[in-house]
file input.txt (compact mmCIF, C-alpha atoms)
# COMPACT_ATOMS: atom_id res chain seq x y z
CA ARG A 192 0.00 0.00 0.00
CA ALA A 193 2.85 2.37 0.83
CA GLN A 194 4.39 1.73 -2.63
CA ILE A 195 1.10 2.50 -4.38
CA ASP A 196 0.60 5.69 -2.37
CA CYS A 197 4.15 6.78 -3.13
CA VAL A 198 3.71 6.34 -6.89
CA CYS A 199 0.29 8.00 -6.96
CA ASN A 200 1.44 10.98 -4.91
CA TRP A 201 4.49 11.39 -7.12
CA LEU A 202 2.48 11.17 -10.34
CA GLN A 203 -0.06 13.67 -9.11
CA SER A 204 2.63 16.07 -7.97
CA GLU A 205 4.96 15.82 -10.97
CA LEU A 206 2.28 15.91 -13.65
CA GLU A 207 -0.23 18.08 -11.76
CA LEU A 208 -2.95 15.51 -12.25
CA SER A 209 -6.43 15.94 -10.88
CA ASP A 210 -7.95 13.03 -8.97
CA VAL A 211 -9.91 12.00 -12.06
CA GLU A 212 -6.82 12.26 -14.29
CA LEU A 213 -4.77 10.22 -11.82
CA ARG A 214 -7.38 7.47 -11.68
CA THR A 215 -7.57 7.28 -15.47
CA PHE A 216 -3.78 7.36 -15.76
CA VAL A 217 -3.30 4.45 -13.35
CA LEU A 218 -6.13 2.40 -14.84
CA ARG A 219 -4.49 2.66 -18.26
CA ALA A 220 -1.05 1.69 -16.89
CA PRO A 221 -1.49 -0.27 -13.64
CA SER A 222 2.01 -1.72 -13.93
CA LEU A 223 3.39 1.71 -13.01
CA LEU A 224 2.28 1.10 -9.43
CA SER A 225 4.98 -1.53 -9.03
CA CYS A 226 7.74 0.75 -10.35
CA TYR A 227 10.10 2.61 -8.06
CA VAL A 228 9.98 6.37 -8.34
CA GLU A 229 13.68 7.08 -7.81
CA THR A 230 15.12 4.35 -10.03
CA ASN A 231 12.41 3.98 -12.70
CA LEU A 232 9.76 6.66 -13.04
CA ALA A 233 11.68 9.84 -12.19
CA PRO A 234 14.62 9.15 -14.59
CA THR A 235 12.20 8.25 -17.40
CA LEU A 236 10.16 11.39 -16.84
CA GLU A 237 13.30 13.50 -16.94
CA TRP A 238 14.45 11.71 -20.11
CA PHE A 239 11.20 12.63 -21.86
CA ARG A 240 11.50 16.20 -20.64
CA SER A 241 15.08 16.72 -21.78
CA THR A 242 15.26 14.50 -24.88
CA LEU A 243 12.02 15.72 -26.43
CA ASP A 244 12.34 19.25 -25.01
CA LEU A 245 8.89 19.16 -23.41
CA GLY A 246 7.56 21.78 -21.03
CA ASP A 247 5.46 20.77 -18.03
CA ALA A 248 2.11 21.14 -19.79
CA GLU A 249 3.40 19.36 -22.92
CA LEU A 250 4.84 16.53 -20.84
CA LYS A 251 1.56 16.04 -19.03
CA LYS A 252 -0.39 15.97 -22.28
CA PHE A 253 2.15 13.58 -23.83
CA LEU A 254 1.93 11.04 -21.02
CA ILE A 255 -1.83 11.28 -20.56
CA ARG A 256 -2.15 10.14 -24.17
CA ARG A 257 0.06 7.08 -23.55
CA PRO A 258 0.64 6.41 -19.78
CA PRO A 259 2.46 3.05 -20.27
CA LEU A 260 5.40 4.92 -21.84
CA LEU A 261 6.43 6.09 -18.38
CA GLY A 262 7.16 2.46 -17.44
CA CYS A 263 9.31 1.75 -20.51
CA SER A 264 13.04 1.22 -20.27
CA ILE A 265 15.11 4.07 -21.66
CA GLU A 266 18.05 1.90 -22.71
CA ALA A 267 16.11 -1.11 -24.01
CA ASN A 268 13.08 0.60 -25.53
CA LEU A 269 12.79 4.36 -25.86
CA ALA A 270 16.29 5.48 -26.85
CA PRO A 271 16.77 2.72 -29.48
CA LYS A 272 13.48 3.73 -31.16
CA LEU A 273 14.57 7.33 -31.53
CA GLU A 274 17.99 6.26 -32.79
CA TRP A 275 16.39 3.92 -35.33
CA LEU A 276 13.99 6.59 -36.55
CA GLN A 277 16.78 9.14 -36.88
CA THR A 278 18.95 6.75 -38.86
CA THR A 279 16.16 5.32 -41.03
CA LEU A 280 14.63 8.67 -41.97
CA ASP A 281 17.78 10.79 -41.84
CA LEU A 282 16.14 13.10 -39.31
CA ARG A 283 17.67 16.29 -38.01
CA ASP A 284 17.50 16.74 -34.25
CA LEU A 285 14.49 19.06 -34.38
CA GLU A 286 12.67 16.68 -36.73
CA LEU A 287 13.42 13.78 -34.38
CA LYS A 288 11.98 15.71 -31.45
CA LYS A 289 8.85 16.54 -33.44
CA LEU A 290 8.31 12.90 -34.35
CA GLY A 291 9.16 11.65 -30.87
CA ARG A 292 6.67 14.03 -29.29
CA ASN A 293 3.91 11.88 -30.73
CA PRO A 294 3.43 9.21 -28.02
CA VAL A 295 1.84 6.83 -30.50
CA VAL A 296 5.18 6.50 -32.29
CA LEU A 297 7.17 5.63 -29.17
CA GLY A 298 4.56 3.05 -28.22
CA LEU A 299 5.11 1.03 -31.40
CA SER A 300 7.51 -1.83 -32.00
CA ILE A 301 10.29 -1.35 -34.55
CA GLU A 302 10.31 -4.93 -35.79
CA ASP A 303 6.57 -5.61 -35.70
CA ASN A 304 5.28 -2.24 -36.79
CA MET A 305 7.45 0.68 -37.81
CA ALA A 306 10.00 -1.11 -40.01
CA PRO A 307 7.51 -3.12 -42.09
CA LYS A 308 5.15 -0.15 -42.52
CA LEU A 309 7.86 2.24 -43.62
CA GLU A 310 9.21 -0.36 -46.04
CA TRP A 311 5.71 -0.94 -47.40
CA LEU A 312 4.98 2.78 -47.82
CA GLN A 313 8.28 3.36 -49.55
CA ARG A 314 7.72 0.46 -51.93
CA ARG A 315 4.00 1.10 -52.53
CA LEU A 316 4.43 4.77 -53.44
CA ASP A 317 7.99 4.59 -54.77
CA LEU A 318 9.19 7.13 -52.21
CA ASP A 319 12.70 8.32 -51.55
CA VAL A 320 13.81 8.82 -47.94
CA GLU A 321 13.08 12.56 -47.98
CA GLN A 322 9.53 11.97 -49.20
CA LEU A 323 8.97 9.23 -46.63
CA LYS A 324 10.21 11.57 -43.93
CA LYS A 325 7.89 14.34 -45.08
CA ILE A 326 4.86 12.07 -44.84
CA LEU A 327 5.79 10.83 -41.36
CA LEU A 328 6.45 14.32 -39.99
CA ILE A 329 3.02 15.48 -41.17
CA LYS A 330 1.13 12.36 -40.09
CA PRO A 331 3.06 10.27 -37.53
CA ASN A 332 -0.08 8.39 -36.51
CA LEU A 333 -0.20 6.55 -39.82
CA LEU A 334 2.38 4.18 -38.30
CA ALA A 335 -0.50 2.86 -36.20
CA TYR A 336 -2.72 2.23 -39.24
CA SER A 337 -3.20 -1.26 -40.59
CA ILE A 338 -1.75 -1.91 -44.04
CA GLU A 339 -4.27 -4.61 -44.91
CA GLU A 340 -7.37 -3.04 -43.37
CA ASN A 341 -6.72 0.64 -43.99
CA MET A 342 -3.88 1.98 -46.10
CA GLU A 343 -3.77 -0.52 -48.96
CA PRO A 344 -7.57 -0.54 -49.52
CA THR A 345 -7.57 3.27 -49.43
CA LEU A 346 -4.76 3.62 -51.97
CA THR A 347 -6.17 0.91 -54.23
CA TRP A 348 -9.62 2.49 -54.25
CA LEU A 349 -8.26 5.97 -54.91
CA GLN A 350 -6.01 4.75 -57.70
CA THR A 351 -8.81 2.78 -59.33
CA ARG A 352 -11.54 5.42 -58.86
CA LEU A 353 -9.51 8.22 -60.41
CA GLY A 354 -7.24 6.27 -62.72
CA LEU A 355 -4.07 7.50 -61.00
CA ASP A 356 -0.65 6.17 -61.86
CA THR A 357 1.96 5.71 -59.12
CA ALA A 358 3.42 9.18 -59.60
CA GLN A 359 0.02 10.85 -59.31
CA LEU A 360 -0.91 8.77 -56.27
CA ARG A 361 2.42 9.59 -54.64
CA LYS A 362 1.89 13.31 -55.27
CA ALA A 363 -1.57 13.20 -53.66
CA VAL A 364 -0.24 11.47 -50.55
CA LEU A 365 2.72 13.85 -50.28
CA ILE A 366 0.33 16.82 -50.41
CA LYS A 367 -2.17 15.26 -48.00
CA PRO A 368 -0.76 12.30 -45.99
CA GLN A 369 -3.93 12.37 -43.88
CA LEU A 370 -5.86 10.75 -46.72
CA LEU A 371 -4.24 7.44 -45.74
CA GLY A 372 -6.54 7.48 -42.74
CA TYR A 373 -9.74 8.55 -44.51
CA SER A 374 -12.59 6.08 -44.75
CA VAL A 375 -13.47 5.20 -48.33
CA GLU A 376 -17.16 4.59 -47.67
CA LYS A 377 -17.76 7.34 -45.11
CA LYS A 378 -15.58 10.11 -46.48
CA MET A 379 -13.81 9.82 -49.85
CA LYS A 380 -16.47 8.12 -51.97
CA PRO A 381 -19.32 10.41 -50.81
CA ASN A 382 -17.12 13.49 -51.32
CA LEU A 383 -16.07 12.53 -54.84
CA ASP A 384 -19.57 11.51 -55.86
CA TRP A 385 -21.02 14.75 -54.51
CA VAL A 386 -18.41 17.01 -56.09
CA GLN A 387 -18.71 15.25 -59.42
CA MET A 388 -22.49 15.60 -59.43
CA ARG A 389 -22.56 19.17 -58.06
CA LEU A 390 -20.07 20.47 -60.64
CA ASP A 391 -21.11 18.08 -63.44
CA LEU A 392 -17.54 16.90 -63.86
CA GLU A 393 -16.14 14.46 -66.37
CA GLU A 394 -13.81 11.82 -64.94
CA GLU A 395 -10.71 13.69 -66.13
CA GLN A 396 -11.94 16.92 -64.55
CA LEU A 397 -12.55 15.16 -61.24
CA LYS A 398 -9.10 13.61 -61.43
CA LYS A 399 -7.58 17.04 -62.08
CA MET A 400 -9.38 18.56 -59.10
CA VAL A 401 -8.22 15.85 -56.70
CA ALA A 402 -4.68 15.99 -58.06
CA GLY A 403 -4.64 19.74 -57.45
CA SER A 404 -6.36 19.59 -54.09
CA PRO A 405 -6.32 16.17 -52.36
CA SER A 406 -7.70 17.91 -49.27
CA LEU A 407 -11.20 17.92 -50.76
CA LEU A 408 -11.27 14.15 -50.10
CA GLY A 409 -11.55 14.94 -46.40
CA TYR A 410 -13.58 18.15 -46.37
CA ASN A 411 -17.01 18.25 -44.82
CA ILE A 412 -19.54 18.80 -47.60
CA GLU A 413 -22.22 20.61 -45.59
CA ASP A 414 -19.88 22.81 -43.53
CA ASN A 415 -17.13 23.49 -46.04
CA ILE A 416 -17.48 22.63 -49.71
CA GLU A 417 -21.12 23.51 -50.39
CA PRO A 418 -21.04 26.92 -48.59
CA LYS A 419 -17.93 27.90 -50.56
CA LEU A 420 -19.46 26.86 -53.86
CA ARG A 421 -22.62 28.85 -53.08
CA TRP A 422 -20.55 31.87 -52.07
CA LEU A 423 -18.38 31.78 -55.20
CA GLN A 424 -21.40 31.37 -57.43
CA SER A 425 -23.34 34.15 -55.74
CA ARG A 426 -20.46 36.59 -55.21
CA PHE A 427 -19.28 36.43 -58.82
CA ASP A 428 -22.64 35.69 -60.43
CA LEU A 429 -21.31 32.49 -61.95
CA ASN A 430 -23.34 30.02 -63.90
CA ASN A 431 -22.64 26.33 -63.34
CA ALA A 432 -20.19 26.07 -66.24
CA GLU A 433 -18.20 29.10 -65.03
CA LEU A 434 -18.04 27.72 -61.49
CA THR A 435 -16.80 24.37 -62.78
CA CYS A 436 -14.19 26.02 -64.98
CA MET A 437 -12.92 28.14 -62.08
CA LEU A 438 -12.54 25.19 -59.71
CA THR A 439 -11.04 22.76 -62.17
CA SER A 440 -8.43 25.36 -63.06
CA LEU A 441 -7.74 26.21 -59.39
CA PRO A 442 -9.18 23.63 -56.95
CA THR A 443 -7.13 25.10 -54.10
CA LEU A 444 -9.72 27.89 -53.91
CA LEU A 445 -11.59 25.46 -51.66
CA HIS A 446 -8.78 25.82 -49.10
CA LEU A 447 -9.49 29.51 -48.56
CA ASN A 448 -11.68 30.82 -45.77
CA ILE A 449 -14.50 33.09 -46.94
CA GLU A 450 -14.56 35.51 -43.99
CA LYS A 451 -10.82 35.64 -43.28
CA ASN A 452 -9.44 35.44 -46.79
CA LEU A 453 -11.75 35.81 -49.76
CA GLU A 454 -14.04 38.61 -48.61
CA PRO A 455 -11.20 40.84 -47.35
CA LYS A 456 -9.49 40.53 -50.72
CA LEU A 457 -12.61 41.51 -52.60
CA ARG A 458 -13.14 44.50 -50.28
CA PHE A 459 -9.54 45.52 -50.93
CA PHE A 460 -10.04 45.34 -54.69
CA GLU A 461 -13.25 47.36 -54.43
CA ARG A 462 -12.35 49.97 -51.82
CA GLU A 463 -8.58 50.38 -51.97
CA LEU A 464 -8.02 49.84 -55.69
CA GLY A 465 -11.38 51.21 -56.82
CA ILE A 466 -12.13 48.27 -59.11
CA ALA A 467 -15.79 47.91 -60.03
CA CYS A 468 -17.55 44.66 -59.12
CA VAL A 469 -18.13 43.79 -62.77
CA ASP A 470 -14.43 44.22 -63.51
CA ILE A 471 -13.42 42.11 -60.51
CA ARG A 472 -15.72 39.39 -61.76
CA ALA A 473 -14.16 39.48 -65.22
CA ARG A 474 -10.63 39.43 -63.85
CA VAL A 475 -11.30 36.55 -61.44
CA ILE A 476 -12.97 34.46 -64.13
CA ARG A 477 -10.03 35.13 -66.43
CA LYS A 478 -7.42 34.60 -63.71
CA PRO A 479 -8.71 32.73 -60.59
CA PRO A 480 -5.27 32.82 -58.85
CA LEU A 481 -5.97 36.50 -58.08
CA LEU A 482 -8.00 35.22 -55.14
CA THR A 483 -4.97 33.43 -53.69
CA TYR A 484 -2.63 36.44 -53.65
CA SER A 485 -1.57 37.79 -50.28
CA LEU A 486 -2.61 41.32 -49.34
CA ALA A 487 0.57 41.70 -47.29
CA LYS A 488 2.86 41.61 -50.33
call {"tool": "encode", "arguments": {"input": "input.txt", "output": "structure tokens"}}
result
Amino acid sequence: RAQIDCVCNWLQSELELSDVELRTFVLRAPSLLSCYVETNLAPTLEWFRSTLDLGDAELKKFLIRRPPLLGCSIEANLAPKLEWLQTTLDLRDLELKKLGRNPVVLGLSIEDNMAPKLEWLQRRLDLDVEQLKKILLIKPNLLAYSIEENMEPTLTWLQTRLGLDTAQLRKAVLIKPQLLGYSVEKKMKPNLDWVQMRLDLEEEQLKKMVAGSPSLLGYNIEDNIEPKLRWLQSRFDLNNAELTCMLTSLPTLLHLNIEKNLEPKLRFFERELGIACVDIRARVIRKPPLLTYSLAK
């Protein structure tokens, strides 16, 4: 009982855990209660703090996400994983810290998980080390995805649905690594079907839009895509064909926020430059990238 009290008091003090947080923490990693604070837990906590350059709040958040990490051996488990990642991906120190700050990564086995998945990704998408590193730094959690149940079905469906070759598929994943975690049935298929129907797109036009903006595969239709299409059509008095032409030529318009980006630019054109609405419309239709220019330059 004294050992349990010692560990709990130390955890609560060091990580500033509430009673509820402490209970959840211990339930997720009960083996910590048998560890000694001075010889096990305290050195590991300090290793996380110094090696990953974590502040107190960051350290708390890190360990709450994956409590069992606090009971891992530094020499036999944690340090070798970081060394392997740095060597395999040719990571700079800051990049290694960024990747290591994701507790999911440090909770995975090299032999059973990380090595085979990185090898598969590199082979499947014909990636060089720099490209593989880029994907992992953007989306470290994909190391926890299943190849058979998630990533391969997603890539196969996307490649088949849009007729993408390996280079085009690789480009889409490099732009938006998160798509490896999107559900085909719940997210990507409904989005593509809706966009194709809404804009009356041919297959090649749909392919061009996704190639230019893979993010639309994960956008929410009701909260994001449809309001932007309505705004563009209304603001510039576009017919359906003009709207389709604008978005197939510059699908990244869907990335821009109406209130924070698009409307301020139009007000600037109208008020500061004195351009009439009809002229703005003509210029934007002729050259959609005008809407992506920064007002600060």
call {"tool": "residues_around", "arguments": {"input": "input.txt", "residues": "range 242-244 of chain A", "least_positions_apart": "4", "cutoff": "12 Å", "atoms": "only C-alpha atoms", "output": "ChimeraX atom specification"}}
result
/A:234-238,248-250,253,265,269-270,273-274,284-294,297
call {"tool": "atom_distance", "arguments": {"input": "input.txt", "atom1": "CA of Arg240 in chain A", "atom2": "CA of Asn304 in chain A"}}
result
25.3 Å
call {"tool": "axis_aligned_box", "arguments": {"input": "input.txt", "around": "range 262-271 of chain A", "padding_each_side": "4 Å", "output": "lines of an AutoDock Vina configuration file"}}
result
center_x = 12.6
center_y = 2.2
center_z = -23.5
size_x = 18.9
size_y = 14.6
size_z = 20.0
call {"tool": "residues_around", "arguments": {"input": "input.txt", "residues": "Leu429 in chain A", "least_positions_apart": "3", "cutoff": "12 Å", "atoms": "all atoms listed in the file", "output": "list in words"}}
result
Leu420, Arg421, Trp422, Leu423, Gln424, Ser425, Arg426, Ala432, Glu433, Leu434, Thr435, Cys436, Met437, Leu438, Val469, Arg472, Ala473, Val475 and Ile476 of chain A
call {"tool": "atom_distance", "arguments": {"input": "input.txt", "atom1": "CA of Pro344 in chain A", "atom2": "CA of Glu393 in chain A"}}
result
24.1 Å
call {"tool": "atom_distance", "arguments": {"input": "input.txt", "atom1": "CA of Ser337 in chain A", "atom2": "CA of Leu318 in chain A"}}
result
18.9 Å
call {"tool": "residues_around", "arguments": {"input": "input.txt", "residues": "Gln322 in chain A", "least_positions_apart": "5", "cutoff": "12 Å", "atoms": "only C-alpha atoms", "output": "JSON, numbers by chain"}}
result
{"A": [280, 281, 282, 309, 312, 313, 314, 316, 317, 327, 328, 329, 361, 362, 364, 365, 366, 368]}
call {"tool": "closest_residue", "arguments": {"input": "input.txt", "among": "A:Gln277, A:Ser374, A:Gln350, A:Asn452", "to": "Val401 in chain A", "atoms": "all atoms listed in the file"}}
result
A:Gln350
call {"tool": "closest_residue", "arguments": {"input": "input.txt", "among": "A:Leu223, A:Leu334, A:Val198, A:Leu245", "to": "Leu276 in chain A", "atoms": "all atoms listed in the file"}}
result
A:Leu334
call {"tool": "closest_residue", "arguments": {"input": "input.txt", "among": "A:Ala306, A:Phe459, A:Lys478, A:Lys419", "to": "Ser440 in chain A", "atoms": "only C-alpha atoms"}}
result
A:Lys478
call {"tool": "closest_residue", "arguments": {"input": "input.txt", "among": "A:Lys251, A:Leu333, A:Cys197, A:Gly298", "to": "Ser209 in chain A", "atoms": "all atoms listed in the file"}}
result
A:Lys251
call {"tool": "closest_residue", "arguments": {"input": "input.txt", "among": "A:Asn430, A:Thr483, A:Ser300, A:Thr351", "to": "Leu453 in chain A", "atoms": "all atoms listed in the file"}}
result
A:Thr483
call {"tool": "closest_residue", "arguments": {"input": "input.txt", "among": "A:Glu302, A:Arg219, A:Leu390, A:Glu376", "to": "Arg256 in chain A", "atoms": "all atoms listed in the file"}}
result
A:Arg219
call {"tool": "residues_around", "arguments": {"input": "input.txt", "residues": "Tyr373 in chain A", "least_positions_apart": "5", "cutoff": "9 Å", "atoms": "all atoms listed in the file", "output": "PDB file with C-alpha atoms, in the frame of the given file"}}
result
ATOM      1  CA  ASN A 341      -6.720   0.640 -43.990  1.00  0.00           C
ATOM      2  CA  MET A 342      -3.880   1.980 -46.100  1.00  0.00           C
ATOM      3  CA  THR A 345      -7.570   3.270 -49.430  1.00  0.00           C
ATOM      4  CA  LYS A 378     -15.580  10.110 -46.480  1.00  0.00           C
ATOM      5  CA  MET A 379     -13.810   9.820 -49.850  1.00  0.00           C
ATOM      6  CA  LEU A 408     -11.270  14.150 -50.100  1.00  0.00           C
ATOM      7  CA  GLY A 409     -11.550  14.940 -46.400  1.00  0.00           C
TER       8      GLY A 409
END
call {"tool": "decode", "arguments": {"input": "input.txt", "residues": "range 423-436 of chain A", "atoms": "N, CA and C atoms", "output": "short mmCIF file (atom, residue, chain, number, x, y, z; two decimals), in the first residue's frame"}}
result
data_model
loop_
_atom_site.label_atom_id
_atom_site.label_comp_id
_atom_site.auth_asym_id
_atom_site.auth_seq_id
_atom_site.Cartn_x
_atom_site.Cartn_y
_atom_site.Cartn_z
N LEU A 423 -19.06 31.44 -53.95
CA LEU A 423 -18.38 31.78 -55.20
C LEU A 423 -19.39 32.07 -56.31
N GLN A 424 -20.41 31.22 -56.37
CA GLN A 424 -21.40 31.37 -57.43
C GLN A 424 -22.20 32.65 -57.25
N SER A 425 -22.56 32.94 -56.01
CA SER A 425 -23.34 34.15 -55.74
C SER A 425 -22.50 35.41 -55.85
N ARG A 426 -21.30 35.39 -55.28
CA ARG A 426 -20.46 36.59 -55.21
C ARG A 426 -20.01 37.05 -56.59
N PHE A 427 -19.78 36.08 -57.49
CA PHE A 427 -19.28 36.43 -58.82
C PHE A 427 -20.32 36.21 -59.91
N ASP A 428 -21.54 35.90 -59.48
CA ASP A 428 -22.64 35.69 -60.43
C ASP A 428 -22.24 34.68 -61.51
N LEU A 429 -21.79 33.52 -61.04
CA LEU A 429 -21.31 32.49 -61.95
C LEU A 429 -22.42 31.52 -62.32
N ASN A 430 -22.46 31.14 -63.56
CA ASN A 430 -23.34 30.02 -63.90
C ASN A 430 -22.59 28.72 -63.58
N ASN A 431 -23.25 27.60 -63.73
CA ASN A 431 -22.64 26.33 -63.34
C ASN A 431 -21.36 26.04 -64.13
N ALA A 432 -21.36 26.34 -65.41
CA ALA A 432 -20.19 26.07 -66.24
C ALA A 432 -19.00 26.93 -65.81
N GLU A 433 -19.27 28.20 -65.47
CA GLU A 433 -18.20 29.10 -65.03
C GLU A 433 -17.63 28.65 -63.68
N LEU A 434 -18.50 28.22 -62.79
CA LEU A 434 -18.04 27.72 -61.49
C LEU A 434 -17.15 26.49 -61.67
N THR A 435 -17.58 25.58 -62.52
CA THR A 435 -16.80 24.37 -62.78
C THR A 435 -15.45 24.71 -63.39
N CYS A 436 -15.44 25.62 -64.33
CA CYS A 436 -14.19 26.02 -64.98
C CYS A 436 -13.24 26.64 -63.97
#
